[in-house]
$ cat protein.txt   # compact mmCIF, C-alpha atoms
# COMPACT_ATOMS: atom_id res chain seq x y z
CA MET A 705 122.25 -34.27 104.00
CA THR A 706 122.17 -31.10 106.02
CA LYS A 707 125.30 -29.02 105.85
CA ASP A 708 125.16 -27.95 109.48
CA LYS A 709 125.36 -31.44 110.86
CA ILE A 710 128.61 -32.26 112.61
CA MET A 711 130.34 -35.29 111.13
CA LEU A 712 132.46 -37.60 113.27
CA PRO A 713 135.29 -39.89 112.15
CA GLY A 714 133.78 -42.86 110.31
CA ASP A 715 130.50 -41.16 109.40
CA GLN A 716 129.44 -41.56 105.79
CA VAL A 717 129.47 -38.27 103.87
CA SER A 718 129.05 -39.39 100.27
CA THR A 719 129.81 -42.13 97.76
CA SER A 720 132.62 -42.47 95.26
CA GLU A 721 130.13 -42.45 92.36
CA GLU A 722 129.11 -38.95 93.36
CA LEU A 723 132.23 -37.19 94.56
CA LEU A 724 135.98 -37.51 95.07
CA PRO A 725 137.37 -37.87 98.57
CA GLY A 726 138.82 -34.48 99.54
CA GLU A 727 140.45 -33.16 102.67
CA GLY A 728 139.33 -34.79 105.90
CA THR A 729 137.78 -37.79 104.17
CA PHE A 730 138.78 -41.26 103.07
CA GLU A 731 137.29 -43.83 100.74
CA GLU A 732 136.40 -47.35 101.75
CA ASP A 733 134.37 -49.85 99.73
CA GLY A 734 133.01 -47.10 97.48
CA ILE A 735 131.86 -44.94 100.37
CA ILE A 736 133.42 -41.64 101.38
CA ARG A 737 133.71 -41.21 105.12
CA ALA A 738 134.92 -38.47 107.43
CA THR A 739 138.27 -38.74 109.20
CA ARG A 740 137.82 -35.82 111.55
CA VAL A 741 135.18 -33.81 113.41
CA GLY A 742 133.75 -31.14 111.19
CA THR A 743 131.04 -29.96 108.88
CA TYR A 744 130.49 -31.39 105.43
CA TYR A 745 131.05 -29.28 102.31
CA VAL A 746 131.14 -30.02 98.62
CA ASP A 747 133.84 -28.39 96.55
CA GLU A 748 131.75 -28.04 93.38
CA ARG A 749 134.71 -27.01 91.22
CA HIS A 750 136.68 -30.17 91.94
CA ARG A 751 133.66 -32.34 92.80
CA GLN A 752 135.25 -33.15 96.13
CA ALA A 753 133.72 -33.96 99.50
CA ILE A 754 135.42 -31.95 102.22
CA ILE A 755 135.13 -31.99 105.99
CA LYS A 756 135.89 -28.54 107.35
CA PRO A 757 137.54 -29.25 110.69
CA LEU A 758 136.11 -28.05 113.98
CA SER A 759 138.98 -29.38 116.06
CA SER A 760 142.56 -28.22 115.60
CA ILE A 761 144.27 -30.37 113.00
CA PRO A 762 147.89 -31.44 112.47
CA VAL A 763 149.97 -28.84 110.62
CA GLU A 764 151.31 -29.94 107.26
CA LEU A 765 153.50 -27.81 105.03
CA LYS A 766 151.79 -26.54 101.88
CA ARG A 767 153.07 -24.66 98.87
CA GLY A 768 152.83 -20.93 99.50
CA ASP A 769 153.01 -21.17 103.28
CA ILE A 770 155.09 -18.52 105.01
CA VAL A 771 157.31 -20.26 107.54
CA LEU A 772 160.06 -19.61 110.02
CA ALA A 773 163.19 -21.70 109.59
CA GLN A 774 166.55 -22.00 111.25
CA VAL A 775 169.62 -22.15 109.03
CA ASN A 776 171.61 -25.31 109.68
CA SER A 777 174.37 -25.10 107.11
CA VAL A 778 175.43 -22.91 104.22
CA ARG A 779 176.81 -24.65 101.13
CA SER A 780 178.28 -23.21 97.96
CA ASN A 781 175.01 -23.21 96.02
CA MET A 782 172.31 -23.63 98.65
CA ILE A 783 171.51 -23.39 102.32
CA ILE A 784 169.84 -26.02 104.45
CA ALA A 785 167.29 -24.85 106.99
CA GLN A 786 165.02 -26.57 109.46
CA VAL A 787 161.42 -25.37 109.21
CA ILE A 788 160.32 -24.69 112.77
CA HIS A 789 156.99 -22.92 112.49
CA VAL A 790 154.22 -22.11 110.05
CA ILE A 791 152.99 -18.53 110.46
CA GLY A 792 149.40 -18.48 111.68
CA LYS A 793 149.43 -22.03 113.05
CA ASP A 794 149.84 -22.93 116.69
CA ARG A 795 150.77 -26.58 116.41
CA PRO A 796 154.17 -28.10 115.61
CA ILE A 797 154.74 -29.36 112.07
CA SER A 798 154.08 -33.00 111.28
CA GLY A 799 156.26 -34.53 108.62
CA ASP A 800 159.45 -33.52 106.88
CA THR A 801 160.91 -30.20 108.08
CA ASN A 802 164.26 -30.27 106.29
CA GLY A 803 164.15 -27.39 103.82
CA THR A 804 166.64 -26.28 101.19
CA LEU A 805 167.01 -22.79 99.79
CA ARG A 806 168.86 -22.50 96.48
CA VAL A 807 171.13 -19.51 95.71
CA SER A 808 168.85 -18.39 92.92
CA GLU A 809 165.89 -18.27 95.32
CA ILE A 810 167.59 -16.16 98.00
CA SER A 811 167.06 -12.74 96.52
CA ASN A 812 165.88 -10.94 93.40
CA ALA A 813 169.40 -9.60 92.94
CA TYR A 814 172.20 -11.82 91.74
CA VAL A 815 173.76 -13.82 94.58
CA LYS A 816 177.18 -15.28 93.86
CA ASP A 817 177.79 -16.96 97.18
CA PRO A 818 175.17 -17.82 99.84
CA THR A 819 177.71 -17.24 102.63
CA THR A 820 177.35 -13.48 102.11
CA GLU A 821 173.58 -13.72 102.69
CA TYR A 822 172.99 -16.21 105.52
CA ALA A 823 174.95 -17.90 108.27
CA PRO A 824 174.20 -20.96 110.40
CA GLY A 825 171.92 -20.10 113.32
CA ASP A 826 169.94 -17.42 111.48
CA ILE A 827 166.17 -17.47 111.91
CA ILE A 828 164.67 -16.73 108.51
CA ARG A 829 161.19 -16.11 107.23
CA ALA A 830 160.68 -17.97 103.97
CA LYS A 831 158.03 -19.13 101.56
CA ILE A 832 157.49 -22.78 100.71
CA THR A 833 157.79 -23.34 96.96
CA GLN A 834 157.68 -27.12 96.96
CA VAL A 835 156.83 -29.82 99.47
CA SER A 836 157.29 -33.10 97.65
CA PRO A 837 159.72 -34.79 97.04
CA SER A 838 161.67 -32.29 99.15
CA VAL A 839 160.88 -29.07 100.96
CA GLN A 840 162.12 -26.05 98.96
CA LEU A 841 162.18 -22.51 100.27
CA ALA A 842 162.47 -19.04 98.75
CA THR A 843 163.20 -15.62 100.28
CA LYS A 844 162.63 -13.39 97.28
CA ASP A 845 160.03 -11.02 98.77
CA ARG A 846 160.80 -7.91 100.81
CA ASP A 847 159.25 -9.35 103.96
CA LEU A 848 161.26 -12.56 103.60
CA GLY A 849 164.81 -13.12 104.80
CA SER A 850 166.57 -13.15 108.13
CA ILE A 851 164.58 -11.90 111.10
CA LYS A 852 167.14 -12.77 113.76
CA SER A 853 170.87 -13.33 113.33
CA VAL A 854 173.75 -13.77 115.71
CA CYS A 855 177.37 -12.63 115.37
CA THR A 856 179.52 -15.34 113.78
CA LYS A 857 182.41 -14.41 116.09
CA CYS A 858 180.80 -14.15 119.52
CA ARG A 859 177.19 -15.38 119.00
CA TYR A 860 175.71 -12.16 120.42
CA PRO A 861 172.64 -10.81 118.62
CA LEU A 862 173.22 -8.53 115.65
CA TYR A 863 171.43 -5.18 115.32
CA LYS A 864 170.41 -3.50 112.13
CA LYS A 865 172.40 -0.43 111.06
CA ASP A 866 171.59 1.21 107.72
CA ASN A 867 172.43 -1.59 105.29
CA TYR A 868 174.48 -3.90 107.46
CA LEU A 869 174.22 -5.69 110.82
CA LYS A 870 176.39 -4.81 113.76
CA CYS A 871 177.36 -6.74 116.89
CA ASP A 872 177.19 -4.59 120.02
CA ASN A 873 179.53 -6.92 121.88
CA CYS A 874 182.57 -7.15 119.61
CA GLY A 875 181.83 -4.48 117.05
CA ASN A 876 181.79 -7.00 114.23
CA LYS A 877 179.94 -5.90 111.09
CA GLU A 878 178.13 -8.44 108.95
CA ARG A 879 175.96 -8.52 105.87
CA ARG A 880 172.74 -10.50 105.65
CA ARG A 881 169.72 -10.81 103.44
CA THR A 882 167.33 -9.32 106.01
CA ALA A 883 163.57 -9.07 106.07
CA GLU A 884 162.01 -5.61 106.31
CA ASP A 885 161.17 -6.08 109.97
CA TYR A 886 164.54 -7.52 111.04
CA GLY A 887 164.81 -7.73 114.84
CA GLU A 888 161.24 -6.59 115.42
CA TYR A 889 159.47 -9.91 115.10
CA ASP A 890 158.80 -11.62 118.41
CA ILE A 891 160.18 -15.12 118.12
CA LYS A 892 160.08 -15.76 121.85
CA LYS A 893 156.72 -17.47 121.56
CA PHE A 894 158.34 -20.71 120.38
CA MET B 1028 140.24 -68.05 141.34
CA LYS B 1029 137.28 -69.70 143.10
CA SER B 1030 135.76 -67.29 145.52
CA GLU B 1031 134.10 -67.79 148.86
CA ILE B 1032 132.75 -64.28 148.80
CA LYS B 1033 129.19 -63.74 147.67
CA LEU B 1034 129.27 -61.40 144.71
CA PHE B 1035 125.54 -61.65 144.11
CA GLU B 1036 122.54 -60.86 146.23
CA ASN B 1037 118.95 -61.27 144.98
CA GLY B 1038 120.19 -61.20 141.41
CA LYS B 1039 121.99 -57.94 141.97
CA ARG B 1040 125.72 -57.32 142.20
CA LEU B 1041 127.69 -55.87 145.10
CA ASP B 1042 127.23 -52.30 143.91
CA GLY B 1043 123.55 -52.88 143.12
CA ARG B 1044 123.97 -53.26 139.37
CA MET B 1045 122.18 -55.80 137.22
CA PRO B 1046 124.39 -58.36 135.44
CA ASP B 1047 124.21 -56.44 132.17
CA GLU B 1048 124.57 -52.96 133.59
CA LEU B 1049 127.55 -50.63 133.12
CA ARG B 1050 129.03 -48.38 135.77
CA ASN B 1051 128.44 -44.65 135.41
CA ILE B 1052 130.57 -43.08 132.71
CA LYS B 1053 131.43 -39.41 132.29
CA ILE B 1054 133.54 -38.22 129.35
CA LYS B 1055 134.88 -34.72 128.72
CA ALA B 1056 136.92 -33.84 125.64
CA GLY B 1057 139.58 -31.14 125.41
CA VAL B 1058 140.47 -30.54 129.04
CA LEU B 1059 144.19 -29.76 128.70
CA HIS B 1060 145.14 -26.67 126.70
CA ARG B 1061 148.83 -27.55 126.30
CA ALA B 1062 148.11 -30.89 124.69
CA GLU B 1063 146.97 -31.07 121.08
CA GLY B 1064 144.10 -33.28 122.11
CA SER B 1065 142.92 -34.45 125.50
CA CYS B 1066 140.16 -36.24 127.33
CA TYR B 1067 139.11 -36.84 130.91
CA LEU B 1068 137.05 -39.89 131.66
CA GLU B 1069 135.38 -41.23 134.77
CA TRP B 1070 134.18 -44.80 134.63
CA GLY B 1071 132.81 -45.89 137.99
CA GLY B 1072 135.75 -45.37 140.30
CA ASN B 1073 138.26 -45.09 137.44
CA LYS B 1074 139.59 -41.65 136.64
CA VAL B 1075 141.68 -41.40 133.51
CA MET B 1076 143.32 -38.43 131.81
CA VAL B 1077 144.64 -38.72 128.25
CA ALA B 1078 146.81 -36.27 126.31
CA VAL B 1079 147.67 -36.65 122.63
CA TYR B 1080 150.69 -35.07 120.95
CA GLY B 1081 151.76 -35.23 117.33
CA PRO B 1082 152.10 -36.34 114.67
CA ARG B 1083 155.70 -35.30 115.12
CA GLU B 1084 159.08 -36.65 114.12
CA ALA B 1085 159.76 -39.99 115.80
CA ILE B 1086 162.79 -40.01 118.06
CA PRO B 1087 165.01 -42.09 118.25
CA ARG B 1088 165.17 -42.22 114.49
CA HIS B 1089 165.47 -45.99 114.19
CA THR B 1090 161.88 -46.26 115.43
CA GLN B 1091 160.65 -44.32 112.41
CA ASN B 1092 158.78 -46.11 109.68
CA PRO B 1093 159.33 -44.51 106.26
CA LEU B 1094 155.89 -45.60 105.09
CA ARG B 1095 153.68 -44.70 108.02
CA ALA B 1096 153.38 -43.17 111.46
CA ILE B 1097 153.88 -45.13 114.64
CA VAL B 1098 151.47 -44.81 117.53
CA THR B 1099 153.14 -44.67 120.93
CA ALA B 1100 150.64 -45.09 123.71
CA ARG B 1101 151.98 -44.82 127.23
CA TYR B 1102 149.75 -46.24 129.90
CA ASN B 1103 150.82 -45.09 133.34
CA MET B 1104 149.26 -45.57 136.75
CA ALA B 1105 149.74 -42.84 139.29
CA ALA B 1106 151.36 -43.90 142.54
CA PHE B 1107 148.18 -42.89 144.36
CA SER B 1108 145.78 -44.65 141.98
CA VAL B 1109 145.56 -47.87 144.00
CA GLU B 1110 145.12 -48.68 147.69
CA ASP B 1111 148.73 -49.65 148.34
CA ARG B 1112 151.13 -47.17 146.78
CA LYS B 1113 152.09 -48.28 143.30
CA ARG B 1114 155.80 -48.05 142.63
CA PRO B 1115 156.04 -45.38 139.94
CA GLY B 1116 157.41 -46.09 136.50
CA PRO B 1117 156.74 -48.64 133.80
CA ASP B 1118 156.40 -52.28 134.81
CA ARG B 1119 155.50 -55.48 132.99
CA ARG B 1120 151.79 -54.85 133.27
CA SER B 1121 151.75 -51.25 132.10
CA ARG B 1122 154.13 -52.01 129.24
CA GLU B 1123 151.85 -54.77 128.02
CA ILE B 1124 148.83 -52.49 128.21
CA SER B 1125 150.73 -49.72 126.40
CA LYS B 1126 151.56 -52.15 123.64
CA VAL B 1127 148.07 -53.55 123.13
CA ILE B 1128 146.50 -50.08 123.21
CA SER B 1129 149.07 -48.77 120.70
CA GLU B 1130 148.24 -51.61 118.34
CA ALA B 1131 144.51 -51.16 118.75
CA LEU B 1132 144.72 -47.45 117.97
CA GLU B 1133 147.13 -47.98 115.07
CA SER B 1134 144.51 -49.95 113.18
CA VAL B 1135 141.97 -47.11 113.16
CA ILE B 1136 144.32 -44.15 112.66
CA LEU B 1137 145.22 -43.34 109.04
CA VAL B 1138 148.91 -43.85 109.77
CA GLU B 1139 149.95 -43.76 106.09
CA LYS B 1140 149.34 -40.00 106.07
CA PHE B 1141 152.30 -39.24 108.31
CA PRO B 1142 155.42 -41.17 107.32
CA ARG B 1143 158.31 -41.12 109.80
CA ALA B 1144 156.12 -39.55 112.46
CA THR B 1145 154.97 -40.64 115.86
CA ILE B 1146 151.62 -40.00 117.50
CA ASP B 1147 152.05 -39.96 121.26
CA VAL B 1148 149.13 -40.93 123.45
CA ASN B 1149 149.74 -40.46 127.16
CA ILE B 1150 147.23 -42.28 129.33
CA GLU B 1151 147.41 -41.41 133.00
CA VAL B 1152 145.33 -43.46 135.40
CA LEU B 1153 144.62 -41.20 138.35
CA ASP B 1154 142.28 -43.52 140.17
CA ALA B 1155 141.86 -47.21 139.46
CA GLU B 1156 138.92 -49.52 140.06
CA ALA B 1157 139.19 -52.41 137.58
CA GLY B 1158 138.92 -52.04 133.83
CA THR B 1159 141.49 -49.27 133.43
CA ARG B 1160 142.73 -50.52 130.08
CA CYS B 1161 139.24 -50.22 128.64
CA ALA B 1162 138.82 -46.80 130.25
CA GLY B 1163 142.24 -45.74 128.93
CA LEU B 1164 141.55 -46.83 125.38
CA THR B 1165 138.08 -45.27 125.34
CA ALA B 1166 139.48 -41.97 126.58
CA ALA B 1167 142.44 -42.15 124.17
CA ALA B 1168 140.02 -42.44 121.24
CA VAL B 1169 138.21 -39.26 122.26
CA ALA B 1170 141.52 -37.42 122.78
CA LEU B 1171 142.69 -38.47 119.30
CA VAL B 1172 139.51 -37.08 117.74
CA ASP B 1173 140.05 -33.87 119.73
CA ALA B 1174 143.59 -33.67 118.32
CA GLY B 1175 142.22 -33.87 114.76
CA ILE B 1176 144.17 -37.04 113.99
CA PRO B 1177 142.59 -38.63 110.89
CA MET B 1178 140.81 -41.82 111.90
CA LYS B 1179 138.56 -44.36 110.24
CA ASP B 1180 136.40 -44.74 113.31
CA ILE B 1181 136.27 -43.95 117.01
CA PRO B 1182 137.42 -47.10 118.79
CA VAL B 1183 135.82 -48.13 122.06
CA ALA B 1184 136.56 -50.73 124.71
CA CYS B 1185 134.57 -52.56 127.33
CA ALA B 1186 134.97 -55.68 129.46
CA ALA B 1187 132.79 -58.57 130.53
CA GLY B 1188 133.57 -61.38 132.92
CA LYS B 1189 132.41 -64.23 135.08
CA ILE B 1190 131.63 -64.03 138.76
CA ASN B 1191 130.07 -66.84 140.82
CA ASP B 1192 129.46 -68.78 137.56
CA GLN B 1193 127.45 -65.97 136.06
CA ILE B 1194 128.44 -63.78 133.13
CA VAL B 1195 128.34 -60.06 133.89
CA LEU B 1196 129.20 -56.85 132.09
CA ASP B 1197 131.93 -54.42 133.20
CA LEU B 1198 133.55 -55.94 136.29
CA GLY B 1199 133.98 -53.77 139.37
CA LYS B 1200 136.95 -53.93 141.72
CA ASP B 1201 135.89 -56.83 143.93
CA GLU B 1202 134.35 -58.68 141.02
CA ASP B 1203 137.67 -58.44 139.22
CA ASN B 1204 139.64 -59.57 142.27
CA TYR B 1205 137.38 -62.44 143.34
CA GLY B 1206 135.67 -63.28 140.06
CA SER B 1207 136.83 -66.14 137.85
CA ALA B 1208 137.31 -64.53 134.43
CA ASP B 1209 137.74 -61.15 132.76
CA LEU B 1210 137.36 -60.46 129.05
CA PRO B 1211 138.27 -56.93 127.89
CA ILE B 1212 137.61 -56.18 124.22
CA ALA B 1213 138.02 -53.13 122.00
CA ILE B 1214 136.13 -52.71 118.77
CA SER B 1215 135.67 -50.36 115.89
CA PRO B 1216 131.93 -49.82 116.44
CA ARG B 1217 131.11 -48.99 112.82
CA THR B 1218 132.54 -52.17 111.32
CA GLY B 1219 132.51 -54.40 114.38
CA GLU B 1220 136.18 -55.15 113.81
CA ILE B 1221 137.96 -56.37 116.94
CA LEU B 1222 140.97 -54.27 117.88
CA LEU B 1223 141.83 -55.85 121.20
CA LEU B 1224 140.77 -59.03 122.90
CA GLN B 1225 142.32 -60.35 126.07
CA MET B 1226 141.14 -62.84 128.61
CA ASP B 1227 142.24 -63.98 131.99
CA GLY B 1228 140.68 -66.88 133.76
CA HIS B 1229 138.73 -69.63 132.08
CA LEU B 1230 135.50 -69.52 130.12
CA THR B 1231 133.77 -72.32 128.24
CA GLN B 1232 132.81 -71.71 124.64
CA GLU B 1233 129.22 -70.84 125.59
CA GLU B 1234 130.34 -68.58 128.41
CA PHE B 1235 132.80 -66.87 126.12
CA ASP B 1236 130.15 -66.22 123.49
CA LYS B 1237 127.82 -64.75 126.08
CA ALA B 1238 130.53 -62.60 127.67
CA PHE B 1239 131.59 -61.42 124.23
CA ASP B 1240 128.02 -60.40 123.35
CA PHE B 1241 127.75 -58.54 126.64
CA ALA B 1242 131.00 -56.68 126.08
CA LEU B 1243 130.00 -55.86 122.51
CA LYS B 1244 126.73 -54.37 123.71
CA GLY B 1245 128.61 -52.39 126.35
CA CYS B 1246 130.97 -51.05 123.67
CA HIS B 1247 128.08 -49.71 121.60
CA ILE B 1248 126.57 -47.93 124.61
CA ILE B 1249 129.92 -46.33 125.46
CA SER B 1250 130.47 -45.41 121.82
CA ASP B 1251 127.36 -43.22 121.98
CA LEU B 1252 128.71 -41.54 125.12
CA GLN B 1253 132.01 -40.84 123.33
CA LYS B 1254 130.22 -39.24 120.42
CA LYS B 1255 128.08 -37.19 122.75
CA ALA B 1256 131.20 -35.91 124.55
CA ILE B 1257 132.83 -34.89 121.26
CA LEU B 1258 129.69 -33.21 119.96
CA GLU B 1259 129.26 -31.40 123.26
CA LYS B 1260 132.63 -29.73 122.79
CA TYR B 1261 132.18 -28.83 119.14
CA GLN B 1262 128.48 -28.15 118.85
CA SER B 1263 128.78 -24.59 120.15
CA GLU B 1264 131.68 -23.85 117.80
CA ALA B 1265 129.73 -25.12 114.81
CA GLY B 1266 126.82 -22.84 115.70
CA GLY B 1267 129.02 -19.82 115.07
CA ILE B 1268 129.78 -20.65 111.44

$ encode --input "protein.txt" --output "structure tokens"
Amino acid sequence: MTKDKIMLPGDQVSTSEELLPGEGTFEEDGIIRATRVGTYYVDERHRQAIIKPLSSIPVELKRGDIVLAQVNSVRSNMIIAQVIHVIGKDRPISGDTNGTLRVSEISNAYVKDPTTEYAPGDIIRAKITQVSPSVQLATKDRDLGSIKSVCTKCRYPLYKKDNYLKCDNCGNKERRRTAEDYGEYDIKKF
Amino acid sequence: MKSEIKLFENGKRLDGRMPDELRNIKIKAGVLHRAEGSCYLEWGGNKVMVAVYGPREAIPRHTQNPLRAIVTARYNMAAFSVEDRKRPGPDRRSREISKVISEALESVILVEKFPRATIDVNIEVLDAEAGTRCAGLTAAAVALVDAGIPMKDIPVACAAGKINDQIVLDLGKDEDNYGSADLPIAISPRTGEILLLQMDGHLTQEEFDKAFDFALKGCHIISDLQKKAILEKYQSEAGGI
């Protein structure tokens, strides 16, 4: 089978005696078939048949993905955030987007109480550490953390000052676990 | 409906086709850049545009299935698609067609991969000339492939019918209106599995078998056109690898 040939959904790519069904394939009656348009590859290390997609494909969360999430609620030992975007992908996420971020995963330093680090409404950049059975996040790197926060008193945007965040509207000062590029990242594209 | 109108002349049909001849079909994949997958199809006088969105979280939540995705096809006819203005919005007919198309697509999509999700398929009929459900489903299949939705096969639909006591393939507008039976089918061309089969009018067993064979043959011809349309879009991209 030539590797340059474009496979269409339903086309036979291999058999189950030869290979395992990998990404973009499914197995039926001992035959491995494509599920999407793409070119056929063999992952020799895992002995898997793979269809490299040519079309855009649905976005699924994977371990290690860097994502943007919006903080929904802050509990005593964790925060709950909705994953809204996977960096580098231009399609919405399919599947479970409810992520949790444990206190111990917020920062490298010791965090006693998550309320000092995040507040509801914050847009954070986080890394996915687990997808199944539940989506787990971590913000331990320097580029991870809040990228956009609003004042808890008046909901105006907060601006970065030295090591705290300040509200230009009411003068309120707040502390957050911020990413290096706080306030610089363009989140308007969503 | 028994017709007084002659639908045949010298063995040819009103539009000059032979009994087993399809109308002209033109398929183009990926025409809308906002949609995740799309397709534009012209089938004789039918003009159909399909946009696919998802998989995404199904709303309202009670429609979610914790084990698999649901497929929500929405068949809609534009007000200007028929001679007399069609009152916009869903009606009995379009809801039925939405339902049967959803079910047909559900059986080829690998729905188990996306629990709690919905895959939305919007089928807009811009211009209608008989056989829009077949055109809609055929276009929806191409749009789903364009959206990268995992599927076991590319489904395809085609109709056959009876006019003036003769079985013909792919009824045109007058043939549909004055003919005596219409048999739209959708199949999974690889396995031959039937995904949709409807009939209006009456056919005897022999007539049915013949009409079914006709429609089946039509499906396989259209299937090749679908594949060609998909390859046309992706061939150039594959060359760059």

$ residues_near_point --input "protein.txt" --point "(148.3, -28.2, 112.8)" --cutoff "12 Å" --atoms "only C-alpha atoms" --output "MDAnalysis selection string"
(chainID A and resid 757 759:766 789:799) or (chainID B and resid 1063:1064 1080:1083 1174:1176)

$ write_last_selection --input "protein.txt" --atoms "C-alpha atoms" --output "PDB file, keeping the file's coordinate frame"
ATOM      1  CA  PRO A 757     137.540 -29.250 110.690  1.00  0.00           C
ATOM      2  CA  SER A 759     138.980 -29.380 116.060  1.00  0.00           C
ATOM      3  CA  SER A 760     142.560 -28.220 115.600  1.00  0.00           C
ATOM      4  CA  ILE A 761     144.270 -30.370 113.000  1.00  0.00           C
ATOM      5  CA  PRO A 762     147.890 -31.440 112.470  1.00  0.00           C
ATOM      6  CA  VAL A 763     149.970 -28.840 110.620  1.00  0.00           C
ATOM      7  CA  GLU A 764     151.310 -29.940 107.260  1.00  0.00           C
ATOM      8  CA  LEU A 765     153.500 -27.810 105.030  1.00  0.00           C
ATOM      9  CA  LYS A 766     151.790 -26.540 101.880  1.00  0.00           C
ATOM     10  CA  HIS A 789     156.990 -22.920 112.490  1.00  0.00           C
ATOM     11  CA  VAL A 790     154.220 -22.110 110.050  1.00  0.00           C
ATOM     12  CA  ILE A 791     152.990 -18.530 110.460  1.00  0.00           C
ATOM     13  CA  GLY A 792     149.400 -18.480 111.680  1.00  0.00           C
ATOM     14  CA  LYS A 793     149.430 -22.030 113.050  1.00  0.00           C
ATOM     15  CA  ASP A 794     149.840 -22.930 116.690  1.00  0.00           C
ATOM     16  CA  ARG A 795     150.770 -26.580 116.410  1.00  0.00           C
ATOM     17  CA  PRO A 796     154.170 -28.100 115.610  1.00  0.00           C
ATOM     18  CA  ILE A 797     154.740 -29.360 112.070  1.00  0.00           C
ATOM     19  CA  SER A 798     154.080 -33.000 111.280  1.00  0.00           C
ATOM     20  CA  GLY A 799     156.260 -34.530 108.620  1.00  0.00           C
TER      21      GLY A 799
ATOM     22  CA  GLU B1063     146.970 -31.070 121.080  1.00  0.00           C
ATOM     23  CA  GLY B1064     144.100 -33.280 122.110  1.00  0.00           C
ATOM     24  CA  TYR B1080     150.690 -35.070 120.950  1.00  0.00           C
ATOM     25  CA  GLY B1081     151.760 -35.230 117.330  1.00  0.00           C
ATOM     26  CA  PRO B1082     152.100 -36.340 114.670  1.00  0.00           C
ATOM     27  CA  ARG B1083     155.700 -35.300 115.120  1.00  0.00           C
ATOM     28  CA  ALA B1174     143.590 -33.670 118.320  1.00  0.00           C
ATOM     29  CA  GLY B1175     142.220 -33.870 114.760  1.00  0.00           C
ATOM     30  CA  ILE B1176     144.170 -37.040 113.990  1.00  0.00           C
TER      31      ILE B1176
END

$ atom_distance --input "protein.txt" --atom1 "atom CA of Gln1225 of chain B" --atom2 "atom CA of Leu1164 of chain B"
13.6 Å

$ residues_near_point --input "protein.txt" --point "(141.4, -59.2, 121.2)" --cutoff "8 Å" --atoms "only C-alpha atoms" --output "list of chain:residue names"
B:Pro1211, B:Ile1212, B:Ala1213, B:Ile1221, B:Leu1222, B:Leu1223, B:Leu1224, B:Gln1225

$ closest_atom_pairs --input "protein.txt" --of "chain B" --to "chain A" --cutoff "9 Å" --atoms "only C-alpha atoms" --output "Markdown table"
| residue | atom | partner | partner_atom | distance |
| --- | --- | --- | --- | --- |
| B:Glu1063 | CA | A:Arg795 | CA | 7.5 |
| B:Gly1064 | CA | A:Ser760 | CA | 8.4 |
| B:Gly1081 | CA | A:Ser798 | CA | 6.9 |
| B:Pro1082 | CA | A:Ser798 | CA | 5.2 |
| B:Arg1083 | CA | A:Ser798 | CA | 4.8 |
| B:Glu1084 | CA | A:Gly799 | CA | 6.5 |
| B:Ile1136 | CA | A:Thr739 | CA | 8.8 |
| B:Leu1137 | CA | A:Thr739 | CA | 8.3 |
| B:Phe1141 | CA | A:Gly799 | CA | 6.2 |
| B:Pro1142 | CA | A:Gly799 | CA | 6.8 |
| B:Arg1143 | CA | A:Gly799 | CA | 7.0 |
| B:Ala1144 | CA | A:Gly799 | CA | 6.3 |
| B:Thr1145 | CA | A:Ser798 | CA | 9.0 |
| B:Val1172 | CA | A:Arg740 | CA | 6.5 |
| B:Asp1173 | CA | A:Ser759 | CA | 5.9 |
| B:Ala1174 | CA | A:Ser760 | CA | 6.2 |
| B:Gly1175 | CA | A:Ile761 | CA | 4.4 |
| B:Ile1176 | CA | A:Ile761 | CA | 6.7 |
| B:Pro1177 | CA | A:Thr739 | CA | 4.6 |
| B:Met1178 | CA | A:Thr739 | CA | 4.8 |
| B:Lys1179 | CA | A:Gly714 | CA | 5.0 |
| B:Asp1180 | CA | A:Gly714 | CA | 4.4 |
| B:Ile1181 | CA | A:Pro713 | CA | 6.4 |
| B:Arg1217 | CA | A:Gly714 | CA | 7.1 |
| B:Lys1254 | CA | A:Leu712 | CA | 7.7 |
| B:Ile1257 | CA | A:Val741 | CA | 8.3 |
| B:Leu1258 | CA | A:Ile710 | CA | 7.5 |
| B:Tyr1261 | CA | A:Leu758 | CA | 6.5 |
| B:Gln1262 | CA | A:Ile710 | CA | 7.5 |
| B:Glu1264 | CA | A:Leu758 | CA | 7.2 |
| B:Ala1265 | CA | A:Leu758 | CA | 7.1 |
| B:Gly1266 | CA | A:Asp708 | CA | 8.2 |
| B:Ile1268 | CA | A:Asp708 | CA | 8.9 |

$ atom_distance --input "protein.txt" --atom1 "atom CA of Leu1034 of chain B" --atom2 "atom CA of Tyr1205 of chain B"
8.3 Å

$ closest_residue --input "protein.txt" --among "B:Ala1242, B:Ala1256, B:Ile1032, B:Ile1146" --to "Gln1091 of chain B" --atoms "all atoms listed in the file"
B:Ile1146

$ closest_atom_pairs --input "protein.txt" --of "segment 713-832 of chain A" --to "segment 877-881 of chain A" --cutoff "9 Å" --atoms "all atoms listed in the file" --output "JSON lines"
{"residue": "A:Ile810", "atom": "CA", "partner": "A:Arg881", "partner_atom": "CA", "distance": 7.9}
{"residue": "A:Ser811", "atom": "CA", "partner": "A:Arg881", "partner_atom": "CA", "distance": 7.7}
{"residue": "A:Thr819", "atom": "CA", "partner": "A:Arg880", "partner_atom": "CA", "distance": 8.9}
{"residue": "A:Thr820", "atom": "CA", "partner": "A:Arg879", "partner_atom": "CA", "distance": 6.4}
{"residue": "A:Glu821", "atom": "CA", "partner": "A:Arg880", "partner_atom": "CA", "distance": 4.5}
{"residue": "A:Tyr822", "atom": "CA", "partner": "A:Arg880", "partner_atom": "CA", "distance": 5.7}
{"residue": "A:Ala823", "atom": "CA", "partner": "A:Arg880", "partner_atom": "CA", "distance": 8.2}
